[in-house]
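S.K.: Next up is a structure, given as structure tokens.
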Amino acid sequence: MNDNKLRVAAYCRVSTDKDDQTNSLTSQRRYFADYINQHEDWVLNDVYYDEGISGTQTKKRAGFNAMIEEAMQGGIDLILTKEVCRFARNTVDTLSYTRKLKDRGIGVVFTIDNIDTRDADGELRLTIMASIAQEESRKTSERVKWGQRRRMEQGVVFGRDLLGYTVQNGALSVNEDEVPIVRTIFHKFTNEGKGTHVIARELLEEGMRPTRVKLWSNVAILRILRNEKYVGDLCQKKTYTPNYLTHAKKCNRGNEEIIYLKDHHEPVIDRELWNRTQAELLRRSPSEDVKSKHSNRYWCSGKLYCGLCGQRYVSRTKKRKNGTIYKAWRCYAAANHGSKKISSFGEQIGCDNGSIHEKILLTCMHHCICKLQMNQKELKREIVQEIKEIKGITEKKPDTKRIQEKMDALVTKKRKAIDLMLDGLITKDDLQEQTKWYDEQLAGLAESLHTARKQDKANETEFHEYENYLRALDEIMSFAESNERLYREILDKMVIYHNKTIEVWLKCVPFGIKLNIRSSGKNDDYHADILSMEIVGK
């Protein structure tokens, strides 16, 4: 091959239909080969293509990205594509990539649009054509959305198969093999009063799992219980696409009209059971305030990890025989699937780690902080000094009393000067000169007094803030065992191992503290003792 020839790559997008794709790719290869043969100094490098992927974004276009990477690495000198809309229908992407290529000396030729980015007016013409292509994409998107909505209103189903149903040609049909699983889930939840975690575990243990469900979980159960399709209704437009360029879907919270068709298809549960299930879901669900704070409602939420399986620990409220309530934490895998075992599908599930009492965790935190802070007085002195410097608090107060005394003395002297003039001891000119001096001194002192009083007022405000800081500091440094506010701020994570061995990692130190705990007592007398302590990971 002649080294002087330009290595030319071609890019196209082809149909997802295999037959059409083959024909299209073959014809486009022939088209670009013929086009290149018209230029003696060109040689075909390769034809890059993507299958039926929208041109409005480049992130998922593997062929396009491979071509750009090859060009950036110096393997391509020129890129051919038929039209601007084939290259990208996003103006920003079009200009960004063509400029990036041009900076490396690589041109892009749009054969049908007759645009060459190497020309002086190439970018101007490209901008116009790219804007037109982007606007066409917007109009196409609007037409598609309008058409989909009309079909949804007519009852055409947009979606994929789900447990108990198959979707074919826009219609739902019952999958009789999976219907018993759906009915079992509704029965266990509504009639037997079981929780979603329990139902997930029982289904797994009973081997009731279709191929499309990877692993039963409380989330999977909740989705089934809330899916209106099982009562024969159809709800569509639960999500929407706000931006036709990114194609990112978002939950439809009133942004677009939801299409709900009642009695659309054959149900697998009756409406009476469905209504009771929705009422039960509503009764068991926490309030909105609790939902928003769920992930951070406890001082150690999301910070406890199982040392055996690595899963997070979750909160469990337990009731004693005497009716009192206490809080414990348990490995999620154990809570969901019980002890460690192999499921009927050959998967390892569950965990052998036990639950741990809330008081043990509080004891560990209290012990670690107390051990790390040996000299609280010195620490407090340093923090107080930091507060003073940051807030600009000074212990030196402006002396307003002394300034006022100086002003009073000058007023007295001014009066005496008048008396001296009246007694003939000084002249009128001497009095005027002396009075002028007194007035200047008084004006300066008046300004100093005004400034001092403002400073006194500011200092009073700062002093009250300072007292609040000291009270908060005393509260924090008291290290009360139940100081959950402090623990929430400084705890990084806890790793809980078997036999009540716990690693505590704090944000303020670069190592962990492994503690071995012994617990004793019961009910309100329950307490924990630290048997040994070891520094780890230093």
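Chain labels follow the order of the structure tokens: the first chain is A, the next B, and so on; residue numbering restarts at 1 in every chain, and ligands are counted from 1 in their shown order.
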Excluding same-chain residues fewer than 6 positions from A:Val536, what lies within 10 Å of it counting only C-alpha atoms, as a compact mmCIF listing (two decimals) with N, CA and C atoms, in the first residue's frame?

M.R.:
```
# COMPACT_ATOMS: atom_id res chain seq x y z
N GLU A 503 -14.93 -4.56 65.17
CA GLU A 503 -13.93 -3.58 64.76
C GLU A 503 -14.63 -2.23 64.61
N VAL A 504 -14.06 -1.22 65.25
CA VAL A 504 -14.61 0.14 65.18
C VAL A 504 -13.63 1.03 64.41
N TRP A 505 -14.12 1.69 63.37
CA TRP A 505 -13.30 2.60 62.57
C TRP A 505 -13.92 3.99 62.68
N PRO A 510 -6.56 7.05 61.77
CA PRO A 510 -6.24 6.23 60.59
C PRO A 510 -6.15 4.74 60.87
N PHE A 511 -6.70 4.27 61.96
CA PHE A 511 -6.64 2.84 62.28
C PHE A 511 -7.95 2.42 62.93
N GLY A 512 -8.15 1.11 63.00
CA GLY A 512 -9.34 0.57 63.63
C GLY A 512 -9.04 0.02 65.02
N ILE A 513 -10.08 -0.18 65.80
CA ILE A 513 -9.94 -0.72 67.15
C ILE A 513 -10.80 -1.98 67.23
N LYS A 514 -10.15 -3.11 67.46
CA LYS A 514 -10.88 -4.37 67.58
C LYS A 514 -11.17 -4.62 69.05
```

S.K.: I'd like the contact shell of stretch 173-184 of chain A - 7 Å cut-off, only C-alpha atoms, skipping same-chain residues fewer than 4 positions apart - returned as a list in words.

M.R.: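 These residues fall inside the cut-off: Leu163, Gly164, Tyr165, Thr166, Val167, Lys188, Met208, Val268 and Ile269 of chain A.
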
S.K.: Quick one: residues within 8 Å of A:Leu225, only C-alpha atoms counted, chain neighbours fewer than 3 positions away excluded, as a list in words?

M.R.: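 Result of the neighbour search: Ile185, Phe186, Ile221, Leu222, Thr277 and Gln278 of chain A.
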
S.K.: Could you write out the selected residues, including N, CA, C and O atoms, as an mmCIF file, in the first residue's frame?

M.R.:
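Wrote it out as again_31.cif, contents follow:
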```
data_model
loop_
_atom_site.group_PDB
_atom_site.id
_atom_site.type_symbol
_atom_site.label_atom_id
_atom_site.label_comp_id
_atom_site.auth_asym_id
_atom_site.auth_seq_id
_atom_site.Cartn_x
_atom_site.Cartn_y
_atom_site.Cartn_z
ATOM 1 N N ILE A 185 -47.950 -15.336 46.514
ATOM 2 C CA ILE A 185 -47.385 -14.104 47.086
ATOM 3 C C ILE A 185 -48.492 -13.238 47.679
ATOM 4 O O ILE A 185 -48.393 -12.757 48.809
ATOM 5 N N PHE A 186 -49.572 -13.022 46.937
ATOM 6 C CA PHE A 186 -50.687 -12.214 47.439
ATOM 7 C C PHE A 186 -51.323 -12.865 48.669
ATOM 8 O O PHE A 186 -51.688 -12.167 49.628
ATOM 9 N N ILE A 221 -40.815 -8.701 45.736
ATOM 10 C CA ILE A 221 -42.163 -9.015 46.237
ATOM 11 C C ILE A 221 -43.041 -7.771 46.220
ATOM 12 O O ILE A 221 -44.209 -7.806 45.802
ATOM 13 N N LEU A 222 -42.502 -6.644 46.664
ATOM 14 C CA LEU A 222 -43.283 -5.404 46.698
ATOM 15 C C LEU A 222 -43.716 -4.982 45.295
ATOM 16 O O LEU A 222 -44.841 -4.510 45.098
ATOM 17 N N THR A 277 -55.117 -5.998 49.483
ATOM 18 C CA THR A 277 -53.641 -5.950 49.448
ATOM 19 C C THR A 277 -53.140 -4.513 49.446
ATOM 20 O O THR A 277 -52.197 -4.168 50.167
ATOM 21 N N GLN A 278 -53.763 -3.650 48.632
ATOM 22 C CA GLN A 278 -53.323 -2.257 48.585
ATOM 23 C C GLN A 278 -53.568 -1.549 49.905
ATOM 24 O O GLN A 278 -52.755 -0.725 50.345
#
```

S.K.: Please return, as a compact mmCIF listing (two decimals) with all heavy atoms, in the first residue's frame, all residues of stretch 48-194 of chain A that DSSP assigns to strand (DSSP E) on the basis of the backbone.

M.R.:
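So the final result, stored in out-v9.txt, reads:
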```txt
# COMPACT_ATOMS: atom_id res chain seq x y z
N TYR A 48 -17.14 1.41 9.78
CA TYR A 48 -17.65 1.27 11.16
C TYR A 48 -19.15 1.52 11.13
O TYR A 48 -19.64 2.39 10.39
CB TYR A 48 -16.99 2.30 12.08
CG TYR A 48 -15.49 2.11 12.23
CD1 TYR A 48 -14.59 2.67 11.33
CD2 TYR A 48 -14.98 1.37 13.29
CE1 TYR A 48 -13.23 2.50 11.46
CE2 TYR A 48 -13.61 1.18 13.44
CZ TYR A 48 -12.74 1.75 12.52
OH TYR A 48 -11.39 1.57 12.67
N TYR A 49 -19.88 0.74 11.92
CA TYR A 49 -21.33 0.91 11.89
C TYR A 49 -21.94 0.60 13.25
O TYR A 49 -21.34 -0.06 14.11
CB TYR A 49 -21.96 -0.01 10.84
CG TYR A 49 -21.83 -1.48 11.13
CD1 TYR A 49 -22.84 -2.17 11.82
CD2 TYR A 49 -20.68 -2.18 10.75
CE1 TYR A 49 -22.71 -3.53 12.09
CE2 TYR A 49 -20.55 -3.53 11.04
CZ TYR A 49 -21.57 -4.20 11.70
OH TYR A 49 -21.44 -5.54 11.99
N ASP A 50 -23.15 1.10 13.48
CA ASP A 50 -23.94 0.80 14.68
C ASP A 50 -25.32 0.37 14.22
O ASP A 50 -25.84 0.86 13.20
CB ASP A 50 -24.05 2.03 15.59
CG ASP A 50 -22.74 2.32 16.30
OD1 ASP A 50 -22.23 1.43 16.99
OD2 ASP A 50 -22.21 3.45 16.13
N GLU A 51 -25.92 -0.52 14.98
CA GLU A 51 -27.21 -1.11 14.59
C GLU A 51 -28.36 -0.37 15.26
O GLU A 51 -28.52 -0.43 16.48
CB GLU A 51 -27.28 -2.58 15.02
CG GLU A 51 -26.16 -3.44 14.44
CD GLU A 51 -26.21 -4.85 15.00
OE1 GLU A 51 -27.27 -5.23 15.52
OE2 GLU A 51 -25.20 -5.56 14.93
N LEU A 78 -8.98 10.33 7.42
CA LEU A 78 -10.19 10.98 6.94
C LEU A 78 -11.38 10.07 7.22
O LEU A 78 -11.28 8.85 7.14
CB LEU A 78 -10.08 11.25 5.44
CG LEU A 78 -11.24 12.00 4.77
CD1 LEU A 78 -11.34 13.42 5.29
CD2 LEU A 78 -11.06 12.00 3.24
N ILE A 79 -12.52 10.69 7.57
CA ILE A 79 -13.74 9.93 7.86
C ILE A 79 -14.83 10.34 6.88
O ILE A 79 -15.04 11.54 6.64
CB ILE A 79 -14.21 10.17 9.31
CG1 ILE A 79 -13.20 9.60 10.30
CG2 ILE A 79 -15.58 9.55 9.55
CD1 ILE A 79 -13.50 9.93 11.75
N LEU A 80 -15.51 9.34 6.31
CA LEU A 80 -16.63 9.58 5.40
C LEU A 80 -17.93 9.14 6.07
O LEU A 80 -17.98 8.11 6.74
CB LEU A 80 -16.46 8.79 4.10
CG LEU A 80 -15.23 9.07 3.22
CD1 LEU A 80 -15.29 8.17 2.00
CD2 LEU A 80 -15.15 10.52 2.84
N THR A 81 -18.96 9.92 5.86
CA THR A 81 -20.31 9.49 6.24
C THR A 81 -21.28 10.18 5.29
O THR A 81 -20.96 11.23 4.73
CB THR A 81 -20.63 9.84 7.71
OG1 THR A 81 -21.86 9.24 8.08
CG2 THR A 81 -20.69 11.34 7.93
N GLY A 107 -10.06 15.11 8.90
CA GLY A 107 -11.27 15.73 8.39
C GLY A 107 -12.43 14.76 8.38
O GLY A 107 -12.27 13.54 8.45
N VAL A 108 -13.64 15.32 8.29
CA VAL A 108 -14.86 14.52 8.14
C VAL A 108 -15.60 15.04 6.90
O VAL A 108 -15.87 16.24 6.79
CB VAL A 108 -15.77 14.62 9.39
CG1 VAL A 108 -17.01 13.75 9.20
CG2 VAL A 108 -15.02 14.22 10.65
N VAL A 109 -15.91 14.13 5.99
CA VAL A 109 -16.61 14.50 4.76
C VAL A 109 -18.01 13.90 4.80
O VAL A 109 -18.18 12.68 4.99
CB VAL A 109 -15.86 13.98 3.51
CG1 VAL A 109 -16.66 14.26 2.25
CG2 VAL A 109 -14.48 14.63 3.43
N PHE A 110 -19.04 14.77 4.65
CA PHE A 110 -20.43 14.34 4.58
C PHE A 110 -20.79 14.37 3.09
O PHE A 110 -21.01 15.46 2.51
CB PHE A 110 -21.31 15.27 5.40
CG PHE A 110 -20.90 15.35 6.85
CD1 PHE A 110 -20.00 16.32 7.28
CD2 PHE A 110 -21.41 14.45 7.78
CE1 PHE A 110 -19.61 16.38 8.60
CE2 PHE A 110 -21.02 14.52 9.11
CZ PHE A 110 -20.11 15.48 9.53
N ILE A 115 -20.30 18.51 2.55
CA ILE A 115 -19.60 19.29 3.57
C ILE A 115 -18.28 18.60 3.88
O ILE A 115 -18.24 17.38 4.11
CB ILE A 115 -20.44 19.42 4.87
CG1 ILE A 115 -21.73 20.19 4.60
CG2 ILE A 115 -19.63 20.11 5.97
CD1 ILE A 115 -22.67 20.23 5.80
N ASP A 116 -17.21 19.38 3.91
CA ASP A 116 -15.88 18.89 4.26
C ASP A 116 -15.36 19.79 5.37
O ASP A 116 -15.17 21.00 5.16
CB ASP A 116 -14.95 18.92 3.05
CG ASP A 116 -13.62 18.21 3.33
OD1 ASP A 116 -13.23 18.11 4.51
OD2 ASP A 116 -12.97 17.77 2.35
N TYR A 165 -47.35 -13.27 33.17
CA TYR A 165 -47.84 -12.80 31.86
C TYR A 165 -46.71 -12.80 30.85
O TYR A 165 -45.54 -12.62 31.18
CB TYR A 165 -48.38 -11.36 31.98
CG TYR A 165 -49.72 -11.24 32.67
CD1 TYR A 165 -49.78 -10.77 33.98
CD2 TYR A 165 -50.90 -11.55 32.01
CE1 TYR A 165 -51.00 -10.64 34.63
CE2 TYR A 165 -52.13 -11.42 32.65
CZ TYR A 165 -52.17 -10.96 33.96
OH TYR A 165 -53.38 -10.83 34.59
N THR A 166 -47.09 -12.96 29.59
CA THR A 166 -46.16 -12.76 28.48
C THR A 166 -46.74 -11.65 27.60
O THR A 166 -47.96 -11.49 27.51
CB THR A 166 -45.99 -14.03 27.63
OG1 THR A 166 -47.28 -14.48 27.17
CG2 THR A 166 -45.34 -15.14 28.45
N VAL A 167 -45.85 -10.89 26.98
CA VAL A 167 -46.27 -9.80 26.11
C VAL A 167 -45.87 -10.15 24.67
O VAL A 167 -44.70 -10.42 24.40
CB VAL A 167 -45.60 -8.47 26.52
CG1 VAL A 167 -46.04 -7.34 25.59
CG2 VAL A 167 -45.93 -8.12 27.96
N GLN A 168 -46.86 -10.17 23.79
CA GLN A 168 -46.59 -10.49 22.39
C GLN A 168 -47.49 -9.65 21.51
O GLN A 168 -48.70 -9.61 21.70
CB GLN A 168 -46.83 -11.99 22.12
CG GLN A 168 -46.34 -12.44 20.75
CD GLN A 168 -46.40 -13.95 20.60
OE1 GLN A 168 -46.99 -14.63 21.41
NE2 GLN A 168 -45.79 -14.45 19.54
N ALA A 171 -49.94 -7.34 23.26
CA ALA A 171 -51.05 -7.91 24.04
C ALA A 171 -50.50 -8.77 25.17
O ALA A 171 -49.46 -9.42 25.04
CB ALA A 171 -51.95 -8.74 23.13
N LEU A 172 -51.22 -8.76 26.32
CA LEU A 172 -50.85 -9.57 27.47
C LEU A 172 -51.61 -10.88 27.44
O LEU A 172 -52.82 -10.91 27.23
CB LEU A 172 -51.20 -8.83 28.77
CG LEU A 172 -50.25 -7.72 29.24
CD1 LEU A 172 -50.90 -6.95 30.37
CD2 LEU A 172 -48.93 -8.31 29.71
N SER A 173 -50.88 -11.99 27.68
CA SER A 173 -51.54 -13.29 27.81
C SER A 173 -51.02 -13.97 29.06
O SER A 173 -49.84 -13.82 29.44
CB SER A 173 -51.26 -14.15 26.57
OG SER A 173 -49.86 -14.31 26.38
N VAL A 174 -51.90 -14.71 29.72
CA VAL A 174 -51.56 -15.33 31.01
C VAL A 174 -50.59 -16.49 30.81
O VAL A 174 -50.77 -17.32 29.91
CB VAL A 174 -52.85 -15.83 31.70
CG1 VAL A 174 -52.50 -16.58 32.99
CG2 VAL A 174 -53.77 -14.66 32.00
```

S.K.: Name the residues of stretch 126-374 of chain A that fall into alpha helix (DSSP H) according to DSSP on the backbone, using the chain letters and numbers of this document, as JSON, numbers by chain.

M.R.: {"A": [126, 127, 128, 129, 130, 131, 132, 133, 134, 135, 136, 137, 138, 139, 140, 141, 142, 143, 144, 145, 146, 147, 148, 149, 150, 151, 152, 153, 179, 180, 181, 182, 183, 184, 185, 186, 196, 197, 198, 199, 200, 201, 202, 203, 204, 205, 218, 219, 220, 221, 222, 223, 224, 225, 271, 272, 273, 274, 275, 276, 277, 278, 279, 280, 281, 282, 283, 284, 288, 289, 290, 291, 292, 293, 332, 333, 334, 335, 336, 337, 358, 359, 360, 361, 362, 363, 364, 365, 366, 367, 368, 369, 370, 371, 372]}

S.K.: Counting only C-alpha atoms, which residue out of A:Asn499, A:Gln28, A:Asn218, A:Gln134 sits closest to A:Ser355?

M.R.: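 Looking at the shortest contact to A:Ser355, the residue is A:Asn499.
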
S.K.: Residues at most 7 Å from A:Asp352, counting only C-alpha atoms, excluding those fewer than 6 positions away in the same chain, as a ChimeraX atom specification?

M.R.: /A:334,339-340

S.K.: Counting only C-alpha atoms, which residue out of A:Lys457, A:Arg209, A:His197, A:Arg138 sits closest to A:Tyr332?

M.R.: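 Nearest candidate to A:Tyr332 out of A:Lys457, A:Arg209, A:His197, A:Arg138: A:His197.
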
S.K.: Counting only C-alpha atoms, which residue out of A:Gly195, A:Gly105, A:Pro210, A:Gly521 sits closest to A:Ala71?

M.R.: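 Between A:Gly195, A:Gly105, A:Pro210, A:Gly521, the residue approaching A:Ala71 most closely is A:Gly105.
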
S.K.: Near stretch 362-365 of chain A, counting only C-alpha atoms, which residues have an atom at most 10 Å away, once you skip same-chain residues fewer than 5 positions from it, shown as an MDAnalysis selection string?

M.R.: chainID A and resid 299:300 357 370 479:484 486:487 490:491 494 502:506 513:517 527:530

S.K.: Go ahead and dump the residues you just picked, N, CA, C and O atoms, as a short mmCIF file (atom, residue, chain, number, x, y, z; two decimals), in the first residue's frame.

M.R.:
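See selection-v8.cif below for the written result:
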```cif
data_model
loop_
_atom_site.label_atom_id
_atom_site.label_comp_id
_atom_site.auth_asym_id
_atom_site.auth_seq_id
_atom_site.Cartn_x
_atom_site.Cartn_y
_atom_site.Cartn_z
N TRP A 299 -28.13 6.39 64.50
CA TRP A 299 -26.77 6.92 64.49
C TRP A 299 -25.79 6.04 63.72
O TRP A 299 -24.78 6.51 63.21
N CYS A 300 -26.11 4.75 63.58
CA CYS A 300 -25.19 3.85 62.87
C CYS A 300 -25.80 3.27 61.60
O CYS A 300 -25.28 2.30 61.04
N HIS A 357 -27.02 -6.58 70.24
CA HIS A 357 -27.84 -5.64 70.99
C HIS A 357 -27.32 -4.22 70.77
O HIS A 357 -26.13 -3.98 70.65
N CYS A 370 -13.28 7.28 74.77
CA CYS A 370 -12.61 7.54 76.05
C CYS A 370 -11.14 7.15 75.99
O CYS A 370 -10.28 7.83 76.56
N PHE A 479 -18.81 12.62 76.98
CA PHE A 479 -18.74 11.25 76.49
C PHE A 479 -19.79 10.34 77.14
O PHE A 479 -19.49 9.24 77.56
N ALA A 480 -20.99 10.88 77.26
CA ALA A 480 -22.07 10.03 77.78
C ALA A 480 -22.26 8.86 76.84
O ALA A 480 -22.16 9.00 75.62
N GLU A 481 -22.53 7.69 77.38
CA GLU A 481 -22.60 6.48 76.56
C GLU A 481 -23.70 6.55 75.52
O GLU A 481 -23.66 5.89 74.51
N SER A 482 -24.71 7.39 75.75
CA SER A 482 -25.83 7.48 74.80
C SER A 482 -25.72 8.71 73.90
O SER A 482 -26.71 9.16 73.35
N ASN A 483 -24.51 9.27 73.78
CA ASN A 483 -24.34 10.46 72.97
C ASN A 483 -24.36 10.10 71.48
O ASN A 483 -23.34 10.11 70.79
N GLU A 484 -25.55 9.79 70.97
CA GLU A 484 -25.68 9.31 69.60
C GLU A 484 -25.37 10.39 68.58
O GLU A 484 -24.94 10.09 67.48
N LEU A 486 -22.96 12.61 68.71
CA LEU A 486 -21.52 12.57 68.50
C LEU A 486 -21.12 11.32 67.72
O LEU A 486 -20.32 11.40 66.79
N TYR A 487 -21.69 10.19 68.09
CA TYR A 487 -21.33 8.92 67.43
C TYR A 487 -21.66 8.97 65.93
O TYR A 487 -20.90 8.46 65.10
N ILE A 490 -18.79 10.91 64.07
CA ILE A 490 -17.40 10.44 64.01
C ILE A 490 -17.26 8.98 63.59
O ILE A 490 -16.16 8.56 63.25
N LEU A 491 -18.35 8.20 63.58
CA LEU A 491 -18.24 6.79 63.20
C LEU A 491 -18.13 6.66 61.69
O LEU A 491 -18.95 7.19 60.94
N MET A 494 -18.48 0.02 61.45
CA MET A 494 -18.24 -1.07 62.40
C MET A 494 -18.34 -2.38 61.64
O MET A 494 -19.26 -2.56 60.83
N ILE A 502 -15.82 -6.98 67.58
CA ILE A 502 -16.24 -5.85 66.76
C ILE A 502 -15.03 -4.97 66.43
O ILE A 502 -14.22 -4.67 67.31
N GLU A 503 -14.93 -4.56 65.17
CA GLU A 503 -13.93 -3.58 64.76
C GLU A 503 -14.63 -2.23 64.61
O GLU A 503 -15.65 -2.12 63.93
N VAL A 504 -14.06 -1.22 65.25
CA VAL A 504 -14.61 0.14 65.18
C VAL A 504 -13.63 1.03 64.41
O VAL A 504 -12.45 1.10 64.77
N TRP A 505 -14.12 1.69 63.37
CA TRP A 505 -13.30 2.60 62.57
C TRP A 505 -13.92 3.99 62.68
O TRP A 505 -15.06 4.20 62.29
N LEU A 506 -13.14 4.94 63.24
CA LEU A 506 -13.61 6.30 63.41
C LEU A 506 -13.02 7.19 62.32
O LEU A 506 -11.93 6.95 61.81
N ILE A 513 -10.08 -0.18 65.80
CA ILE A 513 -9.94 -0.72 67.15
C ILE A 513 -10.80 -1.98 67.23
O ILE A 513 -12.02 -1.91 67.06
N LYS A 514 -10.15 -3.11 67.46
CA LYS A 514 -10.88 -4.37 67.58
C LYS A 514 -11.17 -4.62 69.05
O LYS A 514 -10.28 -4.61 69.90
N LEU A 515 -12.44 -4.87 69.35
CA LEU A 515 -12.88 -5.06 70.73
C LEU A 515 -13.52 -6.43 70.88
O LEU A 515 -14.25 -6.89 70.01
N ASN A 516 -13.23 -7.07 72.00
CA ASN A 516 -13.89 -8.32 72.36
C ASN A 516 -14.83 -8.03 73.52
O ASN A 516 -14.40 -7.50 74.56
N ILE A 517 -16.11 -8.34 73.37
CA ILE A 517 -17.13 -7.92 74.33
C ILE A 517 -17.77 -9.11 75.01
O ILE A 517 -17.96 -10.17 74.41
N HIS A 527 -26.10 -5.21 80.08
CA HIS A 527 -24.93 -4.36 79.89
C HIS A 527 -23.82 -5.17 79.24
O HIS A 527 -23.87 -6.40 79.15
N ALA A 528 -22.80 -4.45 78.75
CA ALA A 528 -21.69 -5.08 78.04
C ALA A 528 -20.37 -4.62 78.65
O ALA A 528 -20.24 -3.46 79.07
N ASP A 529 -19.40 -5.53 78.72
CA ASP A 529 -18.07 -5.22 79.24
C ASP A 529 -17.04 -5.47 78.14
O ASP A 529 -17.16 -6.42 77.36
N ILE A 530 -16.01 -4.62 78.10
CA ILE A 530 -14.92 -4.77 77.14
C ILE A 530 -13.86 -5.68 77.75
O ILE A 530 -13.27 -5.36 78.80
#
```

S.K.: Quick check, in Å to one decimal: how far apart do atom CA of A:His337 and atom CA of A:Gly350 lie?

M.R.: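 Atom-to-atom, atom CA of A:His337 and atom CA of A:Gly350 are spaced 4.6 Å apart.
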
S.K.: State, in Å with one decimal place, the distance from atom CA of A:Glu534 to atom CA of A:Trp329.

M.R.: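 Computing the Euclidean distance for atom CA of A:Glu534 and atom CA of A:Trp329 yields 23.3 Å.
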
S.K.: May I have the residues within 10 Å of A:Arg149 as a PyMOL selection string, using only C-alpha atoms and disregarding those fewer than 6 positions away in the same chain?

M.R.: chain A and resi 143+155-156+236-237+257-259

S.K.: Restricting it to N, CA and C atoms, dump the selection as a short mmCIF file (atom, residue, chain, number, x, y, z; two decimals), in the first residue's frame.

M.R.:
```cif
data_model
loop_
_atom_site.label_atom_id
_atom_site.label_comp_id
_atom_site.auth_asym_id
_atom_site.auth_seq_id
_atom_site.Cartn_x
_atom_site.Cartn_y
_atom_site.Cartn_z
N ARG A 143 -43.34 13.01 17.31
CA ARG A 143 -44.27 12.17 16.53
C ARG A 143 -44.36 10.77 17.11
N GLY A 155 -55.05 0.50 24.11
CA GLY A 155 -54.82 -0.74 24.86
C GLY A 155 -53.61 -1.53 24.43
N VAL A 156 -52.78 -1.00 23.54
CA VAL A 156 -51.56 -1.70 23.13
C VAL A 156 -50.56 -1.63 24.27
N GLN A 236 -49.91 2.70 32.08
CA GLN A 236 -48.73 2.98 31.28
C GLN A 236 -48.35 4.46 31.41
N LYS A 237 -47.13 4.78 30.99
CA LYS A 237 -46.52 6.09 31.17
C LYS A 237 -46.13 6.31 32.64
N GLU A 257 -49.40 12.90 31.53
CA GLU A 257 -50.64 12.19 31.89
C GLU A 257 -50.43 10.68 31.84
N ILE A 258 -50.77 10.01 32.93
CA ILE A 258 -50.68 8.55 33.00
C ILE A 258 -51.92 7.94 32.34
N ILE A 259 -51.73 6.87 31.62
CA ILE A 259 -52.84 6.19 30.93
C ILE A 259 -53.21 4.95 31.73
#
```

S.K.: Set the distance at 9 Å and use only C-alpha atoms: which residues neighbour A:Cys306 once local chain neighbours fewer than 5 positions away are removed? I'd like the list as a VMD selection string.

M.R.: chain A and resid 311 to 313 330 to 332 353 494 to 498

S.K.: Pick out the closest residue to A:Cys235 from this set: A:Gly207, A:Gly310, A:Gly338, A:Gly159. Count only C-alpha atoms.

M.R.: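 Answer, going by the shortest atom-to-atom distance: A:Gly159.
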
S.K.: Rounded to one decimal in Å, what is the spacing between atom CA of A:Lys238 and atom CA of A:Leu204?

M.R.: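 Between atom CA of A:Lys238 and atom CA of A:Leu204 the gap is 29.4 Å.
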